[in-house]
file run03.cif (mmCIF, C-alpha atoms)
data_input
loop_
_atom_site.label_atom_id
_atom_site.label_comp_id
_atom_site.auth_asym_id
_atom_site.auth_seq_id
_atom_site.Cartn_x
_atom_site.Cartn_y
_atom_site.Cartn_z
CA MET A 45 0.00 0.00 0.00
CA SER A 46 1.39 3.44 -0.89
CA LYS A 47 1.95 6.06 1.78
CA PRO A 48 -0.97 8.29 0.63
CA ASN A 49 -3.30 5.30 0.72
CA THR A 50 -2.01 4.30 4.13
CA LYS A 51 -2.59 7.79 5.48
CA ARG A 52 -6.09 7.84 3.99
CA ALA A 53 -6.90 4.47 5.57
CA LEU A 54 -5.60 5.59 8.96
CA ALA A 55 -7.64 8.76 8.70
CA LEU A 56 -10.80 6.76 7.97
CA ILE A 57 -10.12 4.44 10.91
CA ALA A 58 -9.58 7.42 13.19
CA ALA A 59 -12.79 9.03 11.95
CA ALA A 60 -14.72 5.80 12.47
CA PHE A 61 -13.36 5.49 16.00
CA ALA A 62 -14.34 9.08 16.75
CA VAL A 63 -17.85 8.55 15.41
CA LEU A 64 -18.37 5.33 17.39
CA THR A 65 -17.01 6.96 20.54
CA LEU A 66 -19.51 9.77 20.02
CA PHE A 67 -22.34 7.23 19.63
CA ILE A 68 -21.39 5.47 22.88
CA MET A 69 -21.13 8.68 24.88
CA GLU A 70 -24.40 10.07 23.53
CA ALA A 71 -26.23 6.76 23.93
CA ARG A 72 -25.33 6.62 27.62
CA ALA A 73 -26.38 10.24 28.14
CA GLN A 74 -29.66 9.72 26.27
CA GLN A 75 -30.62 6.47 27.99
CA SER A 76 -32.21 8.10 31.07
CA ALA A 77 -34.06 10.62 28.88
CA LEU A 78 -35.35 7.83 26.63
CA GLU A 79 -36.55 5.78 29.58
CA SER A 80 -38.43 8.74 31.06
CA HIS A 81 -40.46 9.06 27.84
CA THR A 82 -41.08 5.37 27.20
CA GLN A 83 -41.78 3.83 30.61
CA VAL A 84 -45.14 2.20 31.34
CA THR A 85 -46.56 4.09 34.31
CA THR A 86 -49.74 2.12 35.07
CA PRO A 87 -49.54 -0.16 38.11
CA LEU A 88 -48.59 -3.82 37.77
CA GLU A 89 -51.51 -5.97 38.91
CA PRO A 90 -51.50 -9.56 40.22
CA LEU A 91 -51.64 -12.38 37.69
CA ARG A 92 -55.02 -14.04 37.36
CA PRO A 93 -55.21 -17.65 38.65
CA GLY A 94 -54.45 -20.54 36.30
CA VAL A 95 -52.20 -18.69 33.85
CA SER A 96 -48.80 -20.23 33.07
CA GLY A 97 -45.86 -19.41 30.81
CA ASP A 98 -46.46 -22.59 28.82
CA GLN A 99 -50.10 -21.62 28.21
CA ILE A 100 -49.15 -18.13 27.05
CA PHE A 101 -46.53 -19.53 24.67
CA GLU A 102 -49.08 -21.99 23.26
CA GLU A 103 -51.65 -19.24 22.64
CA LEU A 104 -49.03 -16.83 21.31
CA THR A 105 -47.76 -19.38 18.78
CA ALA A 106 -51.26 -20.33 17.60
CA HIS A 107 -52.36 -16.72 17.16
CA ASN A 108 -49.10 -15.77 15.41
CA ASP A 109 -49.52 -18.64 12.94
CA LEU A 110 -53.08 -17.52 12.18
CA ARG A 111 -52.06 -13.90 11.64
CA LYS A 112 -49.09 -14.96 9.51
CA SER A 113 -51.32 -17.03 7.23
CA GLU A 114 -53.57 -14.01 6.61
CA LEU A 115 -50.97 -11.25 6.26
CA ARG A 116 -49.80 -11.16 2.65
CA ASP A 117 -47.90 -7.88 2.42
CA TYR A 118 -47.60 -4.38 3.81
CA THR A 119 -45.48 -1.25 3.34
CA ALA A 120 -44.28 0.94 6.19
CA LEU A 121 -42.68 4.35 5.83
CA ARG A 122 -39.49 4.46 7.88
CA THR A 123 -37.11 7.21 8.99
CA TYR A 124 -33.80 6.16 10.55
CA GLN A 125 -31.73 8.89 12.20
CA VAL A 126 -28.66 9.42 14.35
CA VAL A 127 -29.38 12.50 16.49
CA ASP A 128 -27.23 14.11 19.19
CA LEU A 129 -28.43 15.63 22.47
CA LYS A 130 -28.83 19.06 20.88
CA GLY A 131 -31.16 17.68 18.23
CA LYS A 132 -28.68 17.81 15.37
CA VAL A 133 -29.20 15.03 12.83
CA HIS A 134 -25.84 13.51 11.87
CA ALA A 135 -27.26 10.95 9.43
CA GLU A 136 -30.65 10.03 8.03
CA GLU A 137 -32.18 7.44 5.75
CA ILE A 138 -35.82 7.58 4.67
CA GLY A 139 -37.55 4.86 2.74
CA LYS A 140 -40.18 2.14 2.51
CA MET A 141 -39.90 -1.17 4.31
CA GLU A 142 -41.88 -3.68 2.26
CA PHE A 143 -42.99 -7.05 3.64
CA HIS A 144 -43.95 -9.89 1.30
CA ALA A 145 -45.26 -13.18 2.65
CA PRO A 146 -44.05 -15.45 3.97
CA ASP A 147 -40.84 -13.87 5.30
CA GLN A 148 -39.27 -11.33 2.95
CA LYS A 149 -38.48 -7.71 3.78
CA VAL A 150 -37.02 -5.16 1.37
CA PHE A 151 -35.96 -1.61 2.25
CA LEU A 152 -36.20 0.91 -0.58
CA VAL A 153 -34.30 4.14 0.12
CA THR A 154 -36.09 7.29 -1.06
CA SER A 155 -33.68 9.85 0.41
CA GLU A 156 -30.53 10.00 2.52
CA SER A 157 -28.51 12.79 4.05
CA GLY A 158 -25.75 13.54 6.53
CA SER A 159 -22.52 11.64 7.06
CA GLY A 160 -22.05 8.73 4.68
CA LEU A 161 -19.70 7.12 7.21
CA VAL A 162 -22.34 7.26 9.95
CA ARG A 163 -24.97 5.79 7.62
CA LYS A 164 -22.59 3.00 6.63
CA MET A 165 -21.52 2.13 10.18
CA ALA A 166 -24.75 2.70 12.13
CA LEU A 167 -27.89 2.83 10.00
CA ASN A 168 -27.16 0.33 7.23
CA PRO A 169 -26.23 -2.54 9.61
CA LEU A 170 -29.36 -1.82 11.64
CA ILE A 171 -31.61 -2.06 8.57
CA SER A 172 -29.76 -5.13 7.32
CA SER A 173 -30.18 -6.93 10.65
CA GLU A 174 -33.92 -6.31 10.63
CA ILE A 175 -34.23 -7.73 7.12
CA LYS A 176 -32.18 -10.83 8.00
CA ALA A 177 -34.13 -11.41 11.21
CA ALA A 178 -37.38 -11.54 9.21
CA ALA A 179 -36.37 -14.48 7.04
CA GLY A 180 -35.08 -18.03 7.04
CA LYS A 181 -33.00 -19.45 9.85
CA GLU A 182 -32.53 -16.04 11.49
CA HIS A 183 -36.31 -15.65 11.77
CA HIS A 184 -36.61 -19.07 13.39
CA ASP A 185 -33.74 -18.33 15.74
CA SER A 186 -35.16 -14.93 16.76
CA ALA A 187 -38.82 -15.92 17.25
CA ILE A 188 -40.41 -15.45 20.67
CA SER A 189 -40.94 -19.16 21.23
CA PRO A 190 -40.19 -21.89 23.80
CA ALA A 191 -37.15 -22.90 21.70
CA ASN A 192 -35.56 -19.50 22.32
CA TYR A 193 -36.99 -18.21 25.60
CA SER A 194 -38.40 -19.12 28.97
CA LEU A 195 -40.98 -16.79 30.54
CA GLU A 196 -41.20 -15.65 34.14
CA LEU A 197 -44.69 -14.19 34.57
CA LEU A 198 -44.74 -10.95 36.55
CA GLY A 199 -48.39 -9.87 36.48
CA GLU A 200 -50.84 -7.90 34.34
CA GLN A 201 -50.72 -4.27 33.19
CA GLN A 202 -52.51 -1.73 31.03
CA VAL A 203 -50.38 -0.46 28.11
CA GLY A 204 -52.27 2.28 26.29
CA ALA A 205 -55.48 0.74 24.97
CA TYR A 206 -54.32 -2.83 25.61
CA TYR A 207 -54.52 -4.98 28.76
CA CYS A 208 -51.53 -7.28 28.88
CA PHE A 209 -49.77 -10.14 30.57
CA VAL A 210 -46.28 -9.03 31.64
CA ALA A 211 -43.36 -11.45 31.60
CA GLN A 212 -39.61 -11.43 31.99
CA ALA A 213 -38.19 -12.97 28.82
CA ILE A 214 -35.11 -15.06 29.56
CA PRO A 215 -33.11 -16.08 26.46
CA LYS A 216 -31.87 -19.67 26.34
CA ARG A 217 -28.55 -18.73 24.69
CA LYS A 218 -26.31 -15.75 24.04
CA ASP A 219 -27.37 -14.61 20.57
CA LYS A 220 -27.50 -11.15 18.97
CA TYR A 221 -30.92 -11.97 17.52
CA LEU A 222 -32.38 -12.64 20.98
CA PHE A 223 -33.11 -10.12 23.73
CA GLU A 224 -33.20 -10.07 27.49
CA GLY A 225 -35.93 -7.99 29.10
CA LYS A 226 -39.69 -7.56 29.54
CA LEU A 227 -42.50 -8.63 27.28
CA TRP A 228 -46.12 -7.41 27.22
CA ILE A 229 -48.67 -9.72 25.56
CA ASP A 230 -52.28 -8.72 24.83
CA ALA A 231 -54.60 -10.73 27.09
CA ASP A 232 -57.26 -11.10 24.36
CA ASP A 233 -55.31 -11.45 21.09
CA TYR A 234 -52.13 -13.00 22.53
CA ALA A 235 -50.09 -10.62 20.39
CA VAL A 236 -46.88 -8.89 21.44
CA VAL A 237 -47.73 -5.30 22.42
CA ARG A 238 -44.37 -4.13 23.77
CA ILE A 239 -40.80 -5.33 24.15
CA GLU A 240 -38.31 -3.60 26.43
CA GLY A 241 -34.76 -4.87 26.84
CA HIS A 242 -31.35 -5.31 25.27
CA PRO A 243 -29.69 -7.88 22.97
CA ALA A 244 -28.71 -11.09 24.71
CA LYS A 245 -25.23 -10.90 23.18
CA LYS A 246 -22.88 -7.93 22.96
CA LEU A 247 -23.30 -6.43 19.49
CA SER A 248 -19.69 -5.42 18.91
CA PHE A 249 -16.45 -4.38 20.53
CA TRP A 250 -17.63 -0.77 20.40
CA ILE A 251 -21.11 -1.17 21.88
CA GLU A 252 -21.24 -2.46 25.44
CA ARG A 253 -25.03 -2.48 25.63
CA ALA A 254 -27.91 -1.28 23.44
CA ASP A 255 -31.24 -0.79 25.20
CA PHE A 256 -34.40 -0.60 23.12
CA VAL A 257 -38.17 -0.28 23.36
CA ARG A 258 -40.41 -1.62 20.60
CA GLN A 259 -44.12 -0.82 20.67
CA TYR A 260 -46.79 -2.53 18.53
CA GLN A 261 -50.33 -1.51 17.63
CA LYS A 262 -53.29 -3.16 15.96
CA VAL A 263 -53.83 -1.93 12.37
CA ASP A 264 -56.78 -3.42 10.42
CA GLY A 265 -56.65 -6.54 12.56
CA PHE A 266 -52.87 -7.03 12.32
CA TRP A 267 -50.29 -6.19 14.99
CA LEU A 268 -47.43 -4.14 13.51
CA ALA A 269 -44.42 -2.49 15.08
#
call {"tool": "encode", "arguments": {"input": "run03.cif", "output": "C-alpha cells"}}
result
Amino acid sequence: MSKPNTKRALALIAAAFAVLTLFIMEARAQQSALESHTQVTTPLEPLRPGVSGDQIFEELTAHNDLRKSELRDYTALRTYQVVDLKGKVHAEEIGKMEFHAPDQKVFLVTSESGSGLVRKMALNPLISSEIKAAAGKEHHDSAISPANYSLELLGEQQVGAYYCFVAQAIPKRKDKYLFEGKLWIDADDYAVVRIEGHPAKKLSFWIERADFVRQYQKVDGFWLA
C-alpha cells in the first residue's frame, strides 16, 4: 500500500473510532431521557389464577400462525436517524420497508442525508439486521418461542389501549438476535404489544449495551411495530 493510501486508511479508521465513541457517549447520556419518555406508568396488577408461561406460549404461537397465514404484504414508511443531544441530525435514511409473505423484507431508500460514514456504520447494519431477522434461519432463531426463551410471569398491566400479561423474557442462549428484558402480551389477542430490553449478546467491541423499546399496535386486525 502506498503512503498516501495508508494515510487515507488511517484517517478513515480514526474518523470511524471518533464517530463510534460519540455514539457510545451520547447513547449513555440519552438512555435516562429515553426511559423517562417510554416507561409504562400504570400499576402492575397480580396475575389471574391458572395462567402459566407454557399456556401463554401456546396461545401466542397459535395466534401468530393464524395472523401470519392471513398477512400477505404491507409497506411501512421508515425514517432512521442518528441525532445528538442538541437535536442535530448527523445521518438520516428515509424509505419504505416492504414485507412480502411469507418472510421477505425489502428496504427501498427514497432519500438520505448527513454523514455517509455514519450511515454506513450505524444505520445500514441496523436495517440489514432487521431484514435478516425476518427471514429463514434467522427468523426461526429470533422468534419469541419456547425454543428460544423461557418466561417468568410478573403480572398484568394496562399499556395504552391494551390490557396485557407481563413477563420477563429469559433467552436460552447468548445470541445477537435474541433479547433479554420484559414482554407485554395482549390478554385477548395473545399478540406482542411491547418489548423492552437489550440484545442477549454484545453487538460489537464498540457497543457495550444497546437498550431498546419496541411498541406494537393493531392496524386493520394485524399487529405491527
call {"tool": "residues_around", "arguments": {"input": "run03.cif", "residues": "Val203 in chain A", "least_positions_apart": "6", "cutoff": "12 Å", "atoms": "all atoms listed in the file", "output": "JSON, numbers by chain"}}
result
{"A": [82, 83, 84, 85, 86, 87, 88, 209, 210, 227, 228, 229, 230, 231, 236, 237, 238, 239, 259, 260, 261]}
call {"tool": "write_last_selection", "arguments": {"input": "run03.cif", "atoms": "C-alpha atoms", "output": "PDB file, keeping the file's coordinate frame"}}
result
ATOM      1  CA  THR A  82     -41.080   5.370  27.200  1.00  0.00           C
ATOM      2  CA  GLN A  83     -41.780   3.830  30.610  1.00  0.00           C
ATOM      3  CA  VAL A  84     -45.140   2.200  31.340  1.00  0.00           C
ATOM      4  CA  THR A  85     -46.560   4.090  34.310  1.00  0.00           C
ATOM      5  CA  THR A  86     -49.740   2.120  35.070  1.00  0.00           C
ATOM      6  CA  PRO A  87     -49.540  -0.160  38.110  1.00  0.00           C
ATOM      7  CA  LEU A  88     -48.590  -3.820  37.770  1.00  0.00           C
ATOM      8  CA  PHE A 209     -49.770 -10.140  30.570  1.00  0.00           C
ATOM      9  CA  VAL A 210     -46.280  -9.030  31.640  1.00  0.00           C
ATOM     10  CA  LEU A 227     -42.500  -8.630  27.280  1.00  0.00           C
ATOM     11  CA  TRP A 228     -46.120  -7.410  27.220  1.00  0.00           C
ATOM     12  CA  ILE A 229     -48.670  -9.720  25.560  1.00  0.00           C
ATOM     13  CA  ASP A 230     -52.280  -8.720  24.830  1.00  0.00           C
ATOM     14  CA  ALA A 231     -54.600 -10.730  27.090  1.00  0.00           C
ATOM     15  CA  VAL A 236     -46.880  -8.890  21.440  1.00  0.00           C
ATOM     16  CA  VAL A 237     -47.730  -5.300  22.420  1.00  0.00           C
ATOM     17  CA  ARG A 238     -44.370  -4.130  23.770  1.00  0.00           C
ATOM     18  CA  ILE A 239     -40.800  -5.330  24.150  1.00  0.00           C
ATOM     19  CA  GLN A 259     -44.120  -0.820  20.670  1.00  0.00           C
ATOM     20  CA  TYR A 260     -46.790  -2.530  18.530  1.00  0.00           C
ATOM     21  CA  GLN A 261     -50.330  -1.510  17.630  1.00  0.00           C
TER      22      GLN A 261
END
call {"tool": "resolve_selection", "arguments": {"input": "run03.cif", "expression": "the PyMOL selection byres ((chain A and resi 216-220) around 9)", "output": "PyMOL selection string"}}
result
chain A and resi 185-186+190-194+214-215+221-223+243-247
call {"tool": "write_last_selection", "arguments": {"input": "run03.cif", "atoms": "C-alpha atoms", "output": "JSON list (two decimals), in the frame of the given file"}}
result
[["chain", "number", "residue", "atom", "x", "y", "z"],
["A", 185, "ASP", "CA", -33.74, -18.33, 15.74],
["A", 186, "SER", "CA", -35.16, -14.93, 16.76],
["A", 190, "PRO", "CA", -40.19, -21.89, 23.80],
["A", 191, "ALA", "CA", -37.15, -22.90, 21.70],
["A", 192, "ASN", "CA", -35.56, -19.50, 22.32],
["A", 193, "TYR", "CA", -36.99, -18.21, 25.60],
["A", 194, "SER", "CA", -38.40, -19.12, 28.97],
["A", 214, "ILE", "CA", -35.11, -15.06, 29.56],
["A", 215, "PRO", "CA", -33.11, -16.08, 26.46],
["A", 221, "TYR", "CA", -30.92, -11.97, 17.52],
["A", 222, "LEU", "CA", -32.38, -12.64, 20.98],
["A", 223, "PHE", "CA", -33.11, -10.12, 23.73],
["A", 243, "PRO", "CA", -29.69, -7.88, 22.97],
["A", 244, "ALA", "CA", -28.71, -11.09, 24.71],
["A", 245, "LYS", "CA", -25.23, -10.90, 23.18],
["A", 246, "LYS", "CA", -22.88, -7.93, 22.96],
["A", 247, "LEU", "CA", -23.30, -6.43, 19.49]]
call {"tool": "closest_atom_pairs", "arguments": {"input": "run03.cif", "of": "range 81-126 of chain A", "to": "range 133-149 of chain A", "cutoff": "12 Å", "atoms": "all atoms listed in the file", "output": "JSON lines"}}
result
{"residue": "A:Asp109", "atom": "CA", "partner": "A:Pro146", "partner_atom": "CA", "distance": 11.0}
{"residue": "A:Arg111", "atom": "CA", "partner": "A:Pro146", "partner_atom": "CA", "distance": 11.2}
{"residue": "A:Lys112", "atom": "CA", "partner": "A:Pro146", "partner_atom": "CA", "distance": 7.5}
{"residue": "A:Ser113", "atom": "CA", "partner": "A:Pro146", "partner_atom": "CA", "distance": 8.1}
{"residue": "A:Glu114", "atom": "CA", "partner": "A:Ala145", "partner_atom": "CA", "distance": 9.2}
{"residue": "A:Leu115", "atom": "CA", "partner": "A:Ala145", "partner_atom": "CA", "distance": 7.0}
{"residue": "A:Arg116", "atom": "CA", "partner": "A:Ala145", "partner_atom": "CA", "distance": 5.0}
{"residue": "A:Asp117", "atom": "CA", "partner": "A:His144", "partner_atom": "CA", "distance": 4.6}
{"residue": "A:Tyr118", "atom": "CA", "partner": "A:Phe143", "partner_atom": "CA", "distance": 5.3}
{"residue": "A:Thr119", "atom": "CA", "partner": "A:Glu142", "partner_atom": "CA", "distance": 4.5}
{"residue": "A:Ala120", "atom": "CA", "partner": "A:Met141", "partner_atom": "CA", "distance": 5.2}
{"residue": "A:Leu121", "atom": "CA", "partner": "A:Lys140", "partner_atom": "CA", "distance": 4.7}
{"residue": "A:Arg122", "atom": "CA", "partner": "A:Gly139", "partner_atom": "CA", "distance": 5.5}
{"residue": "A:Thr123", "atom": "CA", "partner": "A:Ile138", "partner_atom": "CA", "distance": 4.5}
{"residue": "A:Tyr124", "atom": "CA", "partner": "A:Glu137", "partner_atom": "CA", "distance": 5.2}
{"residue": "A:Gln125", "atom": "CA", "partner": "A:Glu136", "partner_atom": "CA", "distance": 4.5}
{"residue": "A:Val126", "atom": "CA", "partner": "A:Ala135", "partner_atom": "CA", "distance": 5.3}
call {"tool": "atom_distance", "arguments": {"input": "run03.cif", "atom1": "CA of Lys262 in chain A", "atom2": "CA of Ser155 in chain A"}}
result
28.2 Å
call {"tool": "resolve_selection", "arguments": {"input": "run03.cif", "expression": "the PyMOL selection byres ((chain A and resi 175) around 10)", "output": "list in words"}}
result
Met141, Glu142, Phe143, Asp147, Gln148, Lys149, Val150, Phe151, Pro169, Leu170, Ile171, Ser172, Ser173, Glu174, Lys176, Ala177, Ala178, Ala179, Glu182 and His183 of chain A
call {"tool": "resolve_selection", "arguments": {"input": "run03.cif", "expression": "the PyMOL selection byres ((chain A and resi 256) around 9)", "output": "number ranges by chain"}}
result
A: 239-243, 254-255, 257-258
call {"tool": "atom_distance", "arguments": {"input": "run03.cif", "atom1": "CA of Gln212 in chain A", "atom2": "CA of Arg92 in chain A"}}
result
16.5 Å
call {"tool": "atom_distance", "arguments": {"input": "run03.cif", "atom1": "CA of Ser189 in chain A", "atom2": "CA of Glu224 in chain A"}}
result
13.5 Å
call {"tool": "closest_residue", "arguments": {"input": "run03.cif", "among": "A:Ala166, A:Ala269, A:Ala205, A:Ile188", "to": "Val127 in chain A", "atoms": "all atoms listed in the file"}}
result
A:Ala166
call {"tool": "closest_residue", "arguments": {"input": "run03.cif", "among": "A:Ala213, A:Ala187, A:Cys208, A:Leu152", "to": "Asp232 in chain A", "atoms": "only C-alpha atoms"}}
result
A:Cys208
call {"tool": "residues_around", "arguments": {"input": "run03.cif", "residues": "Ile100 in chain A", "least_positions_apart": "2", "cutoff": "10 Å", "atoms": "all atoms listed in the file", "output": "JSON, numbers by chain"}}
result
{"A": [95, 96, 97, 98, 102, 103, 104, 105, 106, 195, 197, 209, 211, 229, 231, 234]}
call {"tool": "closest_residue", "arguments": {"input": "run03.cif", "among": "A:Asp128, A:Asp264, A:Glu156, A:Glu89", "to": "Glu200 in chain A", "atoms": "all atoms listed in the file"}}
result
A:Glu89
